[in-house]
Every structure is written in structure tokens, then in C-alpha cells.
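Trainee: Data: entry17.cif, mmCIF, C-alpha atoms.
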data_query
#
loop_
_atom_site.label_atom_id
_atom_site.label_comp_id
_atom_site.auth_asym_id
_atom_site.auth_seq_id
_atom_site.Cartn_x
_atom_site.Cartn_y
_atom_site.Cartn_z
CA MET A 1 -131.47 93.27 -97.03
CA SER A 2 -134.62 94.44 -95.31
CA SER A 3 -137.99 92.86 -96.10
CA ASP A 4 -139.00 95.66 -98.45
CA GLY A 5 -135.69 95.68 -100.30
CA VAL A 6 -134.66 99.16 -99.08
CA ALA A 7 -131.10 99.54 -97.90
CA VAL A 8 -129.54 102.15 -95.64
CA ALA A 9 -126.14 103.32 -96.82
CA GLU A 10 -123.17 102.27 -94.69
CA SER A 11 -121.00 105.22 -93.67
CA LEU A 12 -117.53 105.32 -95.15
CA ILE A 13 -116.13 107.72 -92.56
CA ALA A 14 -112.53 107.04 -91.62
CA PRO A 15 -111.90 106.22 -87.94
CA ALA A 16 -110.63 109.02 -85.74
CA VAL A 17 -106.96 109.04 -84.74
CA GLU A 18 -106.63 107.55 -81.26
CA ALA A 19 -104.34 108.77 -78.52
CA PRO A 20 -101.34 106.56 -77.71
CA GLY A 21 -102.35 103.68 -75.50
CA ALA A 22 -106.01 104.18 -76.23
CA ARG A 23 -106.28 101.61 -79.05
CA GLN A 24 -108.66 98.78 -78.40
CA SER A 25 -108.67 95.44 -80.15
CA ARG A 26 -111.64 94.24 -82.20
CA ARG A 27 -112.15 91.63 -79.49
CA SER A 28 -112.37 94.28 -76.74
CA THR A 29 -115.03 96.23 -78.65
CA ASN A 30 -117.12 93.05 -79.03
CA THR A 31 -117.02 93.27 -82.84
CA VAL A 32 -117.26 89.83 -84.40
CA THR A 33 -114.69 89.33 -87.14
CA LEU A 34 -114.44 87.00 -90.10
CA ASP A 35 -111.69 85.15 -88.22
CA ASP A 36 -114.09 84.57 -85.33
CA VAL A 37 -116.59 82.97 -87.70
CA ALA A 38 -113.84 80.82 -89.22
CA ARG A 39 -112.80 79.53 -85.80
CA HIS A 40 -116.42 78.86 -84.84
CA ALA A 41 -117.08 76.94 -88.07
CA GLN A 42 -113.66 75.27 -87.94
CA VAL A 43 -112.82 76.37 -91.48
CA SER A 44 -110.35 78.84 -92.95
CA PRO A 45 -111.10 82.59 -93.21
CA GLN A 46 -110.85 82.18 -96.99
CA THR A 47 -113.66 79.63 -96.90
CA VAL A 48 -115.86 82.01 -94.92
CA SER A 49 -115.15 84.79 -97.41
CA ARG A 50 -115.90 82.50 -100.34
CA SER A 51 -119.15 81.34 -98.69
CA ILE A 52 -120.29 84.95 -98.45
CA ARG A 53 -119.14 86.25 -101.83
CA THR A 54 -119.40 83.19 -104.11
CA PRO A 55 -121.55 80.56 -102.34
CA ASP A 56 -121.90 78.54 -105.55
CA LEU A 57 -118.23 77.60 -105.24
CA VAL A 58 -118.65 76.10 -101.76
CA SER A 59 -120.04 72.66 -100.93
CA GLU A 60 -123.54 72.57 -99.43
CA PHE A 61 -122.21 71.02 -96.20
CA THR A 62 -119.58 73.72 -95.70
CA LEU A 63 -121.97 76.50 -96.72
CA GLU A 64 -124.55 75.42 -94.14
CA ARG A 65 -121.82 75.20 -91.49
CA VAL A 66 -120.54 78.70 -92.23
CA ARG A 67 -124.04 80.19 -92.35
CA ALA A 68 -124.88 78.60 -89.01
CA SER A 69 -121.74 80.12 -87.49
CA ILE A 70 -122.56 83.54 -88.98
CA ALA A 71 -126.03 83.37 -87.44
CA GLU A 72 -124.75 82.19 -84.06
CA THR A 73 -121.93 84.71 -83.78
CA GLY A 74 -123.93 87.64 -85.17
CA TYR A 75 -121.29 88.44 -87.77
CA VAL A 76 -122.08 91.25 -90.23
CA PRO A 77 -119.84 91.36 -93.34
CA ASN A 78 -118.04 94.63 -94.05
CA LEU A 79 -119.72 95.38 -97.37
CA ALA A 80 -117.89 98.69 -97.77
CA ALA A 81 -114.52 96.95 -97.89
CA SER A 82 -115.86 94.23 -100.17
CA ASN A 83 -117.36 96.76 -102.55
CA LEU A 84 -114.12 98.73 -102.75
CA ALA A 85 -112.28 95.55 -103.66
CA SER A 86 -114.78 94.48 -106.32
CA ASN A 87 -115.62 97.98 -107.61
CA ARG A 88 -119.30 97.07 -107.26
CA SER A 89 -121.68 98.43 -104.64
CA MET A 90 -124.49 95.89 -105.25
CA THR A 91 -126.97 98.76 -104.99
CA VAL A 92 -129.43 100.39 -107.39
CA ALA A 93 -130.72 103.93 -106.91
CA ALA A 94 -134.45 104.36 -107.51
CA ILE A 95 -135.66 107.95 -107.88
CA ILE A 96 -139.44 108.38 -107.89
CA PRO A 97 -141.77 111.41 -107.58
CA ALA A 98 -143.63 110.23 -104.45
CA ILE A 99 -143.18 107.26 -102.14
CA SER A 100 -146.84 107.36 -101.08
CA ALA A 101 -148.19 106.86 -104.62
CA SER A 102 -149.22 103.24 -105.18
CA VAL A 103 -148.30 103.33 -108.88
CA PHE A 104 -144.66 103.94 -108.03
CA ALA A 105 -144.77 101.47 -105.15
CA ASP A 106 -145.94 98.82 -107.63
CA ALA A 107 -142.96 99.55 -109.86
CA LEU A 108 -140.55 99.37 -106.93
CA HIS A 109 -141.96 95.99 -105.95
CA GLY A 110 -141.40 94.79 -109.51
CA LEU A 111 -137.86 96.18 -109.51
CA GLU A 112 -137.05 94.57 -106.17
CA GLU A 113 -138.55 91.27 -107.30
CA ILE A 114 -135.89 91.02 -110.01
CA LEU A 115 -132.90 92.58 -108.26
CA ALA A 116 -133.13 91.14 -104.74
CA PRO A 117 -132.47 87.50 -105.72
CA ALA A 118 -129.32 88.70 -107.48
CA GLY A 119 -128.09 90.36 -104.28
CA TYR A 120 -128.88 93.99 -105.14
CA GLN A 121 -130.43 96.45 -102.72
CA LEU A 122 -132.44 99.58 -103.52
CA PHE A 123 -131.68 103.09 -102.37
CA ILE A 124 -134.93 105.06 -102.76
CA GLY A 125 -135.31 108.81 -103.08
CA SER A 126 -138.45 110.92 -103.62
CA THR A 127 -138.31 114.13 -105.68
CA SER A 128 -141.76 115.48 -104.66
CA TYR A 129 -142.04 116.54 -108.33
CA ARG A 130 -139.24 119.11 -107.86
CA PRO A 131 -136.58 119.06 -110.61
CA ALA A 132 -134.05 120.80 -108.35
CA HIS A 133 -134.46 118.12 -105.70
CA GLU A 134 -134.17 115.42 -108.36
CA GLU A 135 -130.76 116.85 -109.24
CA GLU A 136 -129.76 116.80 -105.57
CA LEU A 137 -130.77 113.16 -105.29
CA VAL A 138 -128.86 112.19 -108.43
CA ARG A 139 -125.72 113.86 -107.07
CA ALA A 140 -126.13 112.19 -103.68
CA PHE A 141 -126.72 108.72 -105.11
CA LEU A 142 -123.89 108.96 -107.64
CA GLY A 143 -121.61 109.82 -104.72
CA ARG A 144 -122.46 106.40 -103.28
CA ARG A 145 -121.51 104.68 -106.54
CA PRO A 146 -124.66 102.69 -107.38
CA ASP A 147 -124.34 99.97 -110.01
CA GLY A 148 -127.53 101.17 -111.74
CA ILE A 149 -130.17 103.92 -111.64
CA PHE A 150 -133.95 103.73 -112.11
CA ILE A 151 -135.57 107.15 -112.50
CA VAL A 152 -139.19 108.06 -113.19
CA GLY A 153 -139.65 110.53 -116.02
CA THR A 154 -137.85 111.62 -119.15
CA GLU A 155 -137.65 115.37 -118.50
CA HIS A 156 -134.85 116.53 -116.23
CA SER A 157 -132.78 119.64 -115.62
CA ALA A 158 -129.77 120.14 -117.88
CA ASN A 159 -127.45 119.38 -114.95
CA THR A 160 -129.29 116.17 -114.06
CA THR A 161 -129.15 114.97 -117.64
CA HIS A 162 -125.43 115.76 -117.82
CA LEU A 163 -124.71 113.94 -114.54
CA LEU A 164 -126.56 110.82 -115.64
CA ARG A 165 -125.02 110.73 -119.11
CA GLU A 166 -121.48 111.18 -117.76
CA SER A 167 -121.86 108.74 -114.86
CA LYS A 168 -121.26 105.68 -117.10
CA VAL A 169 -123.81 103.89 -114.90
CA PRO A 170 -126.71 102.02 -116.56
CA VAL A 171 -129.78 104.28 -116.35
CA ILE A 172 -133.42 103.33 -116.92
CA GLU A 173 -135.89 106.19 -117.41
CA ALA A 174 -139.49 105.13 -116.84
CA TRP A 175 -143.17 106.00 -117.17
CA ASP A 176 -143.01 107.89 -120.43
CA LEU A 177 -141.48 107.81 -123.89
CA THR A 178 -138.99 110.18 -125.50
CA ASP A 179 -137.00 110.40 -128.72
CA ASP A 180 -133.83 111.20 -126.77
CA PRO A 181 -133.43 108.90 -123.76
CA ILE A 182 -130.40 109.22 -121.51
CA ASP A 183 -129.74 105.49 -121.74
CA SER A 184 -132.52 102.89 -121.67
CA LEU A 185 -136.24 103.51 -121.41
CA VAL A 186 -139.25 101.56 -120.15
CA GLY A 187 -142.70 103.09 -120.26
CA PHE A 188 -145.72 104.10 -122.29
CA SER A 189 -147.05 107.21 -123.99
CA ASN A 190 -149.03 109.35 -121.56
CA ARG A 191 -150.24 111.47 -124.46
CA ASP A 192 -151.53 108.49 -126.43
CA ALA A 193 -153.19 107.03 -123.33
CA ILE A 194 -155.31 110.13 -122.75
CA ARG A 195 -156.05 110.42 -126.45
CA ALA A 196 -157.40 106.86 -126.32
CA ILE A 197 -159.78 107.53 -123.43
CA VAL A 198 -161.05 110.73 -125.10
CA GLU A 199 -161.71 108.76 -128.28
CA PHE A 200 -163.50 106.14 -126.18
CA ALA A 201 -165.77 108.83 -124.68
CA HIS A 202 -166.51 110.20 -128.15
CA GLU A 203 -167.42 106.74 -129.45
CA ARG A 204 -169.75 106.22 -126.48
CA GLY A 205 -171.69 109.31 -127.50
CA TYR A 206 -170.59 111.79 -124.82
CA ARG A 207 -170.36 115.37 -126.03
CA HIS A 208 -169.21 117.57 -123.12
CA PRO A 209 -165.97 116.16 -121.62
CA THR A 210 -164.06 117.74 -118.74
CA PHE A 211 -160.56 116.77 -117.60
CA ALA A 212 -159.73 116.99 -113.88
CA GLY A 213 -156.62 116.36 -111.85
CA SER A 214 -153.87 117.63 -109.61
CA LEU A 215 -151.63 119.14 -112.24
CA GLN A 216 -148.79 120.27 -110.02
CA ARG A 217 -145.68 121.92 -111.34
CA GLY A 218 -142.92 119.44 -112.10
CA ASP A 219 -145.28 116.57 -112.93
CA PHE A 220 -144.40 116.46 -116.61
CA ARG A 221 -146.42 113.30 -117.24
CA ALA A 222 -149.60 114.94 -115.91
CA ALA A 223 -148.81 117.94 -118.10
CA ALA A 224 -148.54 115.65 -121.12
CA ARG A 225 -151.93 114.12 -120.31
CA ARG A 226 -153.53 117.54 -120.02
CA ALA A 227 -151.94 118.71 -123.28
CA SER A 228 -153.20 115.59 -125.04
CA PHE A 229 -156.74 116.22 -123.79
CA GLU A 230 -156.57 119.84 -124.93
CA GLU A 231 -155.43 118.71 -128.40
CA ALA A 232 -157.95 115.89 -128.75
CA VAL A 233 -161.12 117.78 -127.76
CA PRO A 234 -161.12 120.31 -130.64
CA GLU A 235 -160.51 117.49 -133.13
CA LEU A 236 -163.15 115.10 -131.81
CA PHE A 237 -165.66 117.62 -130.44
CA PRO A 238 -165.61 120.58 -132.89
CA GLY A 239 -166.80 123.82 -131.32
CA GLU A 240 -166.75 122.35 -127.80
CA THR A 241 -165.13 124.28 -124.95
CA VAL A 242 -161.95 122.69 -123.62
CA ARG A 243 -162.70 122.22 -119.94
CA VAL A 244 -159.92 121.51 -117.42
CA VAL A 245 -160.32 121.60 -113.64
CA ASP A 246 -156.99 121.81 -111.82
CA SER A 247 -156.62 121.20 -108.08
CA GLY A 248 -153.04 122.51 -108.18
CA THR A 249 -150.76 121.03 -105.51
CA SER A 250 -153.49 119.11 -103.70
CA THR A 251 -152.54 115.60 -102.67
CA VAL A 252 -153.70 112.60 -104.66
CA ASP A 253 -156.51 111.30 -102.44
CA TYR A 254 -160.26 110.69 -102.36
CA GLU A 255 -160.99 114.06 -100.79
CA THR A 256 -159.35 115.86 -103.69
CA GLY A 257 -161.48 113.79 -106.06
CA ARG A 258 -164.59 114.88 -104.18
CA ARG A 259 -163.57 118.53 -104.43
CA LEU A 260 -162.79 118.20 -108.13
CA LEU A 261 -166.26 116.82 -108.70
CA ASP A 262 -167.79 119.68 -106.74
CA GLU A 263 -165.83 122.30 -108.67
CA THR A 264 -166.70 120.70 -112.01
CA LEU A 265 -170.42 120.73 -111.22
CA LYS A 266 -170.20 124.41 -110.25
CA LEU A 267 -168.03 125.61 -113.16
CA HIS A 268 -169.13 123.23 -115.91
CA PRO A 269 -172.60 121.84 -115.10
CA GLU A 270 -173.01 120.78 -118.73
CA THR A 271 -170.27 118.12 -118.32
CA ASP A 272 -171.52 114.67 -119.25
CA VAL A 273 -168.22 112.78 -118.86
CA LEU A 274 -165.65 113.69 -116.20
CA MET A 275 -162.19 112.32 -117.03
CA PHE A 276 -159.81 112.12 -114.09
CA ALA A 277 -156.00 112.04 -114.19
CA SER A 278 -155.98 109.27 -111.57
CA ASP A 279 -158.22 106.43 -110.39
CA VAL A 280 -157.85 107.82 -106.86
CA PHE A 281 -159.60 111.06 -107.85
CA ALA A 282 -162.20 109.13 -109.82
CA ALA A 283 -162.95 106.88 -106.84
CA GLY A 284 -163.45 109.88 -104.56
CA ALA A 285 -165.81 111.44 -107.10
CA LEU A 286 -167.77 108.22 -107.57
CA LEU A 287 -168.29 107.83 -103.84
CA GLU A 288 -169.44 111.45 -103.62
CA CYS A 289 -171.87 110.90 -106.49
CA THR A 290 -173.42 108.03 -104.55
CA ARG A 291 -173.77 110.24 -101.48
CA ARG A 292 -175.42 113.01 -103.50
CA GLY A 293 -177.69 110.73 -105.49
CA ILE A 294 -175.98 111.52 -108.82
CA ARG A 295 -176.49 108.54 -111.11
CA VAL A 296 -173.33 107.29 -112.81
CA PRO A 297 -173.19 107.05 -115.80
CA ASP A 298 -176.76 108.25 -116.51
CA ASP A 299 -176.35 111.75 -115.04
CA LEU A 300 -172.57 111.92 -115.26
CA ALA A 301 -170.04 109.44 -116.66
CA ILE A 302 -166.66 109.11 -114.91
CA THR A 303 -163.32 107.70 -116.09
CA GLY A 304 -160.00 107.25 -114.32
CA PHE A 305 -156.37 106.54 -115.10
CA GLY A 306 -154.18 103.75 -113.73
CA ASP A 307 -156.52 100.77 -113.24
CA PHE A 308 -156.05 100.55 -109.47
CA GLU A 309 -157.65 97.61 -107.72
CA ILE A 310 -160.31 99.76 -106.03
CA GLY A 311 -161.80 100.66 -109.42
CA ARG A 312 -162.90 97.05 -109.92
CA HIS A 313 -164.85 97.04 -106.64
CA LEU A 314 -166.63 100.38 -106.81
CA VAL A 315 -170.33 100.57 -107.61
CA PRO A 316 -170.48 101.20 -110.50
CA THR A 317 -167.12 99.74 -111.50
CA LEU A 318 -164.67 102.28 -112.90
CA THR A 319 -163.86 102.74 -116.59
CA THR A 320 -160.17 103.59 -116.79
CA VAL A 321 -156.84 103.35 -118.61
CA ALA A 322 -154.71 100.40 -117.52
CA VAL A 323 -150.97 101.11 -117.46
CA PRO A 324 -148.23 98.56 -116.66
CA ASN A 325 -147.08 99.86 -113.27
CA ARG A 326 -145.49 96.69 -111.88
CA GLN A 327 -144.27 95.50 -115.28
CA ILE A 328 -142.30 98.74 -115.65
CA GLY A 329 -140.35 97.71 -112.56
CA THR A 330 -139.77 94.10 -113.59
CA VAL A 331 -138.67 94.95 -117.14
CA ALA A 332 -136.42 97.75 -115.84
CA GLY A 333 -134.93 95.30 -113.32
CA GLU A 334 -134.18 92.76 -116.04
CA LEU A 335 -132.52 95.37 -118.25
CA LEU A 336 -130.45 96.73 -115.36
CA LEU A 337 -129.41 93.26 -114.24
CA ALA A 338 -128.19 92.35 -117.73
CA ARG A 339 -126.18 95.56 -117.97
CA MET A 340 -124.75 95.39 -114.43
CA ASN A 341 -123.72 91.74 -114.86
CA HIS A 342 -122.24 92.52 -118.28
CA THR A 343 -124.41 89.91 -119.99
CA SER A 344 -125.67 92.63 -122.33
CA ALA A 345 -124.20 95.94 -123.42
CA GLU A 346 -127.27 96.94 -125.39
CA THR A 347 -129.51 99.83 -124.43
CA ALA A 348 -133.23 99.36 -124.93
CA GLU A 349 -136.37 101.41 -125.47
CA VAL A 350 -139.38 99.37 -124.36
CA ASP A 351 -142.91 100.64 -124.97
CA LEU A 352 -145.16 98.54 -122.71
CA GLY A 353 -148.32 100.21 -123.97
CA PHE A 354 -151.68 100.72 -122.22
CA SER A 355 -155.31 99.73 -122.67
CA VAL A 356 -158.72 101.32 -122.14
CA VAL A 357 -160.71 99.21 -119.68
CA ALA A 358 -164.44 99.71 -120.27
CA ARG A 359 -166.55 99.14 -117.16
CA GLU A 360 -169.84 100.50 -115.81
CA SER A 361 -169.00 104.14 -114.98
CA ALA A 362 -168.83 105.33 -118.64
#
What would you get if you wrote out this structure as C-alpha cells?
Mentor:
Amino acid sequence: MSSDGVAVAESLIAPAVEAPGARQSRRSTNTVTLDDVARHAQVSPQTVSRSIRTPDLVSEFTLERVRASIAETGYVPNLAASNLASNRSMTVAAIIPAISASVFADALHGLEEILAPAGYQLFIGSTSYRPAHEEELVRAFLGRRPDGIFIVGTEHSANTTHLLRESKVPVIEAWDLTDDPIDSLVGFSNRDAIRAIVEFAHERGYRHPTFAGSLQRGDFRAAARRASFEEAVPELFPGETVRVVDSGTSTVDYETGRRLLDETLKLHPETDVLMFASDVFAAGALLECTRRGIRVPDDLAITGFGDFEIGRHLVPTLTTVAVPNRQIGTVAGELLLARMNHTSAETAEVDLGFSVVARESA
């Protein structure tokens, strides 16, 4: 397994038919075999196999001897053959919207933290928030027979949902809640989280809130946050205009946050609290406020979403919504491990919740 827990699939292509007389032995192609390791360690091939597959059943002395021979000979076990024999691939497919987003990276680290010690490797695919590509990834990964699937989101195409339900593979949906999960679920309510930060702004005495973010098509969680804001404002701020600034398909970075601030000030100068869909946007806006001499929170209050580390070091520090990014991965890993090892047949729906973190920016 690589240091980051990401595996590259081994090809299962059958060897080409060789012309008569052209066959070469394993020895002549310099491929180290299990028998070679056995001879080097002066043990039986069965002992080498047992040391690799069930090391707990081998004495410490013999295990160290076999491992030393594996290292010295450069032997690489044929996992494809082993997996066919055991009907287990020892892999988990992780399907996320974007590899570059730190929130999903945190979850993958949590997932890998649980699965790697048990011998599982991650296959990672990024949907780029495109439902059609998500379906392609699900088909591709199922073709490689993973032992479990971790997938961000609870809204999928009809075909994707059908494929996952019929796969008979343990599936964990993450990052949101739903009344009709495919299998198991680990997440929090995006709608409730935004409602909570809007209520916080109302309690602090702000009267002209604006919501800003990159609300690209296919990001159903961002859509849920926007919808929650649009529902909460009329209830908490009667007669107030519902203000939303959308950067469309712009990337999640500081520059987009700066532009969202600029557009808000032009379109809605009355805004007294600017509520961002991500801490990354909020950080970009805060830095731009400092450059322009806009006092935060006196002239304009700012909130974020995610509780990224940078928010704790900004001046002023960032008020935000903390969500359990890494814990989503660790809990999902524990649920998958129990199902894959047949220590539990139960599905689970785990609401990890969220919290409003009040700091200096609002």
C-alpha cells in the first residue's frame, strides 16, 4: 500500500498465446516466485503463503525470516490470484466530488486510518459534481469487485442508485442525511447547519444577511444550504430581501471569495452579515476586507462553513459552522470494516451533527 493509502488496480488481462518454442520460464523473465522466497527462507511454500495471508498463525521467528526473504528477493505477491481464491479484493472504492477539496481529503484520511491497518486499500474517484460521471465511476469500481463503497452525497441518478442497491456490497453514503439511504449513512444535515448560522446572525442583531458561494450544478449539498438560507430569512427577517450571490462554477479558492465580496458590495451594499458556503471563500473575503480597510465585524460581519484551520488564525478569527469532516471518514471506516469482516450485518444511519463556532468575525 502506498503512503497515502491509494492503490492502483492490478490488470487482470490474460496472457497472450505464445508461439511454439517461444515460452519462457518464470526464472528466465526474472520474476521472483513464491517458491524462490521459500528456498531463500528455507521454509515450505505453504509457510510463505501463510505468512503473507494469515501472519497471526505463524511464529514470530518464522515470520521475520520470511519477511526478510521477501524484502531481499523483491517478491511481490500475486494479489489478483489470491483475491480470486478468497472472493475478497481487500479494496474499498471512495467516490468524492473533488480530490482537491480539503474537507474530502480529511474524510479520506479518516477512512484510511481505519481501513489500512486491516489490510484494505482505497480506490479513489472524483465526480467533479457530475452525476453522469458518478455513475461511470460506480460502474467502473463495481467491475473491480470492491469489498465496500464510500460515496459522498445522498442524491444520485436512478441508474447509480440501482447499481449500488443491487451490488450487494456494503455502501456508506456521507455528508448529508436522507430518509431513504441506499445502505448505511454517515453525515449531518446541511439544511439544519445553515439554519443554525442564520439564527446565530439574527440573535447577534444583524438584519441584512447575504448568502454567497459557488453553487455549481450537481452540488446537491450546496443547493440544500442555499435552500435552507432562502427558507430561514423570511421567517427570521420578515420583509427582508433574500440575497444570494452565486459564483457559478468558479473554483473554491481565496480569489473566488474576494470576487464574491466585491459582487456583494456592488449588488447589496446594505449587507451587514455576509454568510459564505465555505471557509475558503470567507478567508478570501476577510483578507480582501483588510486590504480595503473594511472593518470586520463593525462594517461587515463574515461567517464561513467548515471550520478549516485557517479560520482560527485569521485576523479577526472566523465565525463558522464546524462539521465533522475527518470523523465522517473514521466512522464510515468502522462501519465498513464491521460489514466486510462479517462482524456486523446491521446497517446504520449516523448523524454526527455540527456546531456554530462563534469567533471575532461576527
Trainee: Which residues match the PyMOL selection byres ((chain A and resi 156-162) around 8) in the file above, as a list in words?
Mentor: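 This file, filtered by the PyMOL selection byres ((chain A and resi 156-162) around 8), leaves Pro131, Ala132, Glu134, Glu135, Val138, Gly153, Thr154, Glu155, Leu163, Leu164, Arg165, Glu166 and Ile182 of chain A.
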Trainee: Using only C-alpha atoms, which of the listed residues (A:Ser89, A:Asn325, A:Thr178, A:Ser167) sits closest to Phe354 in chain A?
Mentor: A:Asn325
Trainee: Calculate how many Å separate CA of Pro324 in chain A from CA of Gly110 in chain A, rounding to one decimal.
Mentor: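 Atom-to-atom, CA of Pro324 in chain A and CA of Gly110 in chain A are spaced 10.6 Å apart.
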Trainee: Report, in Å to a single decimal, how far apart CA of Ile172 in chain A and CA of Thr54 in chain A are.
Mentor: 27.7 Å
Trainee: Starting from the shown file, work through the PyMOL selection byres ((chain A and resi 345) around 12) and note down what comes out as a list in words.
Mentor: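 Selection result, ordered by chain and number: Lys168, Val169, Pro170, Asp183, Ser184, Leu335, Leu336, Leu337, Ala338, Arg339, Met340, Asn341, His342, Thr343, Ser344, Glu346, Thr347 and Ala348 of chain A.
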Trainee: Name the residues that the PyMOL selection byres ((chain A and resi 285) around 6) picks from the file above, as a list in words, using the file's chain letters and numbers.
Mentor: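 After applying the PyMOL selection byres ((chain A and resi 285) around 6), what remains is Gly257, Arg258, Leu261, Ala282, Ala283, Gly284, Leu286, Leu287 and Glu288 of chain A.
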Trainee: Using all atoms listed in the file, which of A:Lys266, A:Gly148, A:Val171, A:Ser278 sits nearest Phe211 in chain A?
Mentor: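 Going through A:Lys266, A:Gly148, A:Val171, A:Ser278 one by one, the smallest distance to Phe211 in chain A is for A:Ser278.
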Trainee: Please indicate the distance in Å from CA of Arg39 in chain A to CA of Pro77 in chain A, rounded to one decimal place.
Mentor: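 CA of Arg39 in chain A sits 15.7 Å away from CA of Pro77 in chain A.
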Trainee: Could you give me, as CSV, every range 247-283 of chain A residue with an atom at most 12 Å from range 97-100 of chain A, plus its closest atom pair and distance in Å to one decimal, counting all atoms listed in the file, rows ordered by chain then number?
Mentor:
residue,atom,partner,partner_atom,distance
A:Thr251,CA,A:Ser100,CA,10.1
A:Val252,CA,A:Ser100,CA,9.3
A:Asp253,CA,A:Ser100,CA,10.5
Trainee: Counting all atoms listed in the file, give me one row per residue of range 255-344 of chain A with an atom at most 12 Å from an atom of range 227-232 of chain A, showing the shortest contact pair and its distance in Å to one decimal, sorted by chain then residue number, as JSON lines.
Mentor:
{"residue": "A:Leu274", "atom": "CA", "partner": "A:Phe229", "partner_atom": "CA", "distance": 12.0}
{"residue": "A:Met275", "atom": "CA", "partner": "A:Phe229", "partner_atom": "CA", "distance": 9.5}
{"residue": "A:Phe276", "atom": "CA", "partner": "A:Phe229", "partner_atom": "CA", "distance": 11.0}
{"residue": "A:Ala277", "atom": "CA", "partner": "A:Phe229", "partner_atom": "CA", "distance": 10.5}
Trainee: At a cut-off of 12 Å from (-150.7, 104.0, -113.8) in the coordinates of the file, what residues are picked up using only C-alpha atoms, written as a ChimeraX atom specification?
Mentor: /A:101-107,174-176,187-190,193-194,221-222,277-280,304-309,320-328,352-356
Trainee: Name all residues at most 12 Å from Ile294 in chain A (count all atoms listed in the file; drop same-chain ones fewer than 2 positions away) and give them as a list in words.
Mentor: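 Within the cut-off, the hits are Leu261, Asp262, Leu265, Asp272, Ala285, Leu286, Leu287, Glu288, Cys289, Thr290, Arg291, Arg292, Val296, Pro297, Asp298, Asp299, Leu300, Ala301, Ile302, Pro316 and Ser361 of chain A.
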Trainee: Nearest residue to Ala41 in chain A out of A:Ala140, A:Ala68, A:Leu57, A:Val92, using all atoms listed in the file?
Mentor: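 Closest to Ala41 in chain A of all the choices is A:Ala68.
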Trainee: Up to 7 Å from (-144.0, 116.4, -111.7) in the file's coordinates: name the residues, counting only C-alpha atoms, as a ChimeraX atom specification.
Mentor: /A:97,129-130,216-221
Trainee: I'd like to know which of A:Gly205, A:His313, A:Gly213, A:Gly293 is closest to Phe281 in chain A, using only C-alpha atoms.
Mentor: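 Among the listed residues, the smallest separation from Phe281 in chain A belongs to A:Gly213.
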Trainee: Could you name the residues that touch Ile151 in chain A at 6 Å or less, counting only C-alpha atoms, but leaving out those on the same chain fewer than 5 positions away, as a short mmCIF file (atom, residue, chain, number, x, y, z; two decimals) with C-alpha atoms, in the coordinates of the input?
Mentor:
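File around.cif, as written:
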data_model
loop_
_atom_site.label_atom_id
_atom_site.label_comp_id
_atom_site.auth_asym_id
_atom_site.auth_seq_id
_atom_site.Cartn_x
_atom_site.Cartn_y
_atom_site.Cartn_z
CA ALA A 94 -134.45 104.36 -107.51
CA ILE A 95 -135.66 107.95 -107.88
CA GLU A 173 -135.89 106.19 -117.41
#
Trainee: Between A:Ala362, A:Val37, A:Arg243, A:Leu267, which is the closest to Arg204 in chain A once you count all atoms listed in the file?
Mentor: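 Of A:Ala362, A:Val37, A:Arg243, A:Leu267, the one nearest Arg204 in chain A, counting all atoms listed in the file, is A:Ala362.
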Trainee: At a cut-off of 6 Å, using all atoms listed in the file, what residues contact Ala212 in chain A? Leave out same-chain residues fewer than 3 positions from it and give the result as a PyMOL selection string.
Mentor: chain A and resi 244-246+276
Trainee: Please provide as JSON, numbers by chain all residues within 12 Å of Val76 in chain A, with the sequence filter that same-chain residues fewer than 6 positions apart are discarded (counting all atoms listed in the file).
Mentor: {"A": [1, 10, 31, 32, 33, 34, 36, 37, 49, 52, 67, 69, 70]}
Trainee: What would range 146-150 of chain A look like with all heavy atoms restored, written as a PDB file, keeping the file's coordinate frame?
Mentor:
ATOM      1  N   PRO A 146    -123.742 103.800-107.100  1.00  0.00           N
ATOM      2  CA  PRO A 146    -124.660 102.690-107.380  1.00  0.00           C
ATOM      3  C   PRO A 146    -124.246 101.973-108.662  1.00  0.00           C
ATOM      4  O   PRO A 146    -123.590 102.554-109.529  1.00  0.00           O
ATOM      5  CB  PRO A 146    -126.012 103.397-107.557  1.00  0.00           C
ATOM      6  CG  PRO A 146    -125.642 104.754-108.094  1.00  0.00           C
ATOM      7  CD  PRO A 146    -124.357 105.106-107.385  1.00  0.00           C
ATOM      8  N   ASP A 147    -124.636 100.730-108.791  1.00  0.00           N
ATOM      9  CA  ASP A 147    -124.340  99.970-110.010  1.00  0.00           C
ATOM     10  C   ASP A 147    -125.358 100.258-111.110  1.00  0.00           C
ATOM     11  O   ASP A 147    -125.103  99.947-112.282  1.00  0.00           O
ATOM     12  CB  ASP A 147    -124.326  98.476-109.705  1.00  0.00           C
ATOM     13  CG  ASP A 147    -123.200  98.088-108.769  1.00  0.00           C
ATOM     14  OD1 ASP A 147    -122.125  98.718-108.853  1.00  0.00           O
ATOM     15  OD2 ASP A 147    -123.380  97.170-107.948  1.00  0.00           O
ATOM     16  N   GLY A 148    -126.510 100.827-110.758  1.00  0.00           N
ATOM     17  CA  GLY A 148    -127.530 101.170-111.740  1.00  0.00           C
ATOM     18  C   GLY A 148    -128.481 102.212-111.172  1.00  0.00           C
ATOM     19  O   GLY A 148    -128.539 102.414-109.952  1.00  0.00           O
ATOM     20  N   ILE A 149    -129.220 102.877-112.062  1.00  0.00           N
ATOM     21  CA  ILE A 149    -130.170 103.920-111.640  1.00  0.00           C
ATOM     22  C   ILE A 149    -131.495 103.714-112.355  1.00  0.00           C
ATOM     23  O   ILE A 149    -131.535 103.543-113.578  1.00  0.00           O
ATOM     24  CB  ILE A 149    -129.629 105.327-111.931  1.00  0.00           C
ATOM     25  CG1 ILE A 149    -128.386 105.612-111.081  1.00  0.00           C
ATOM     26  CG2 ILE A 149    -130.695 106.397-111.660  1.00  0.00           C
ATOM     27  CD1 ILE A 149    -127.740 106.964-111.367  1.00  0.00           C
ATOM     28  N   PHE A 150    -132.575 103.750-111.589  1.00  0.00           N
ATOM     29  CA  PHE A 150    -133.950 103.730-112.110  1.00  0.00           C
ATOM     30  C   PHE A 150    -134.563 105.076-111.759  1.00  0.00           C
ATOM     31  O   PHE A 150    -134.587 105.467-110.591  1.00  0.00           O
ATOM     32  CB  PHE A 150    -134.736 102.587-111.451  1.00  0.00           C
ATOM     33  CG  PHE A 150    -136.202 102.585-111.766  1.00  0.00           C
ATOM     34  CD1 PHE A 150    -136.686 101.960-112.905  1.00  0.00           C
ATOM     35  CD2 PHE A 150    -137.115 103.192-110.905  1.00  0.00           C
ATOM     36  CE1 PHE A 150    -138.054 101.942-113.184  1.00  0.00           C
ATOM     37  CE2 PHE A 150    -138.474 103.173-111.169  1.00  0.00           C
ATOM     38  CZ  PHE A 150    -138.947 102.551-112.321  1.00  0.00           C
TER      39      PHE A 150
END
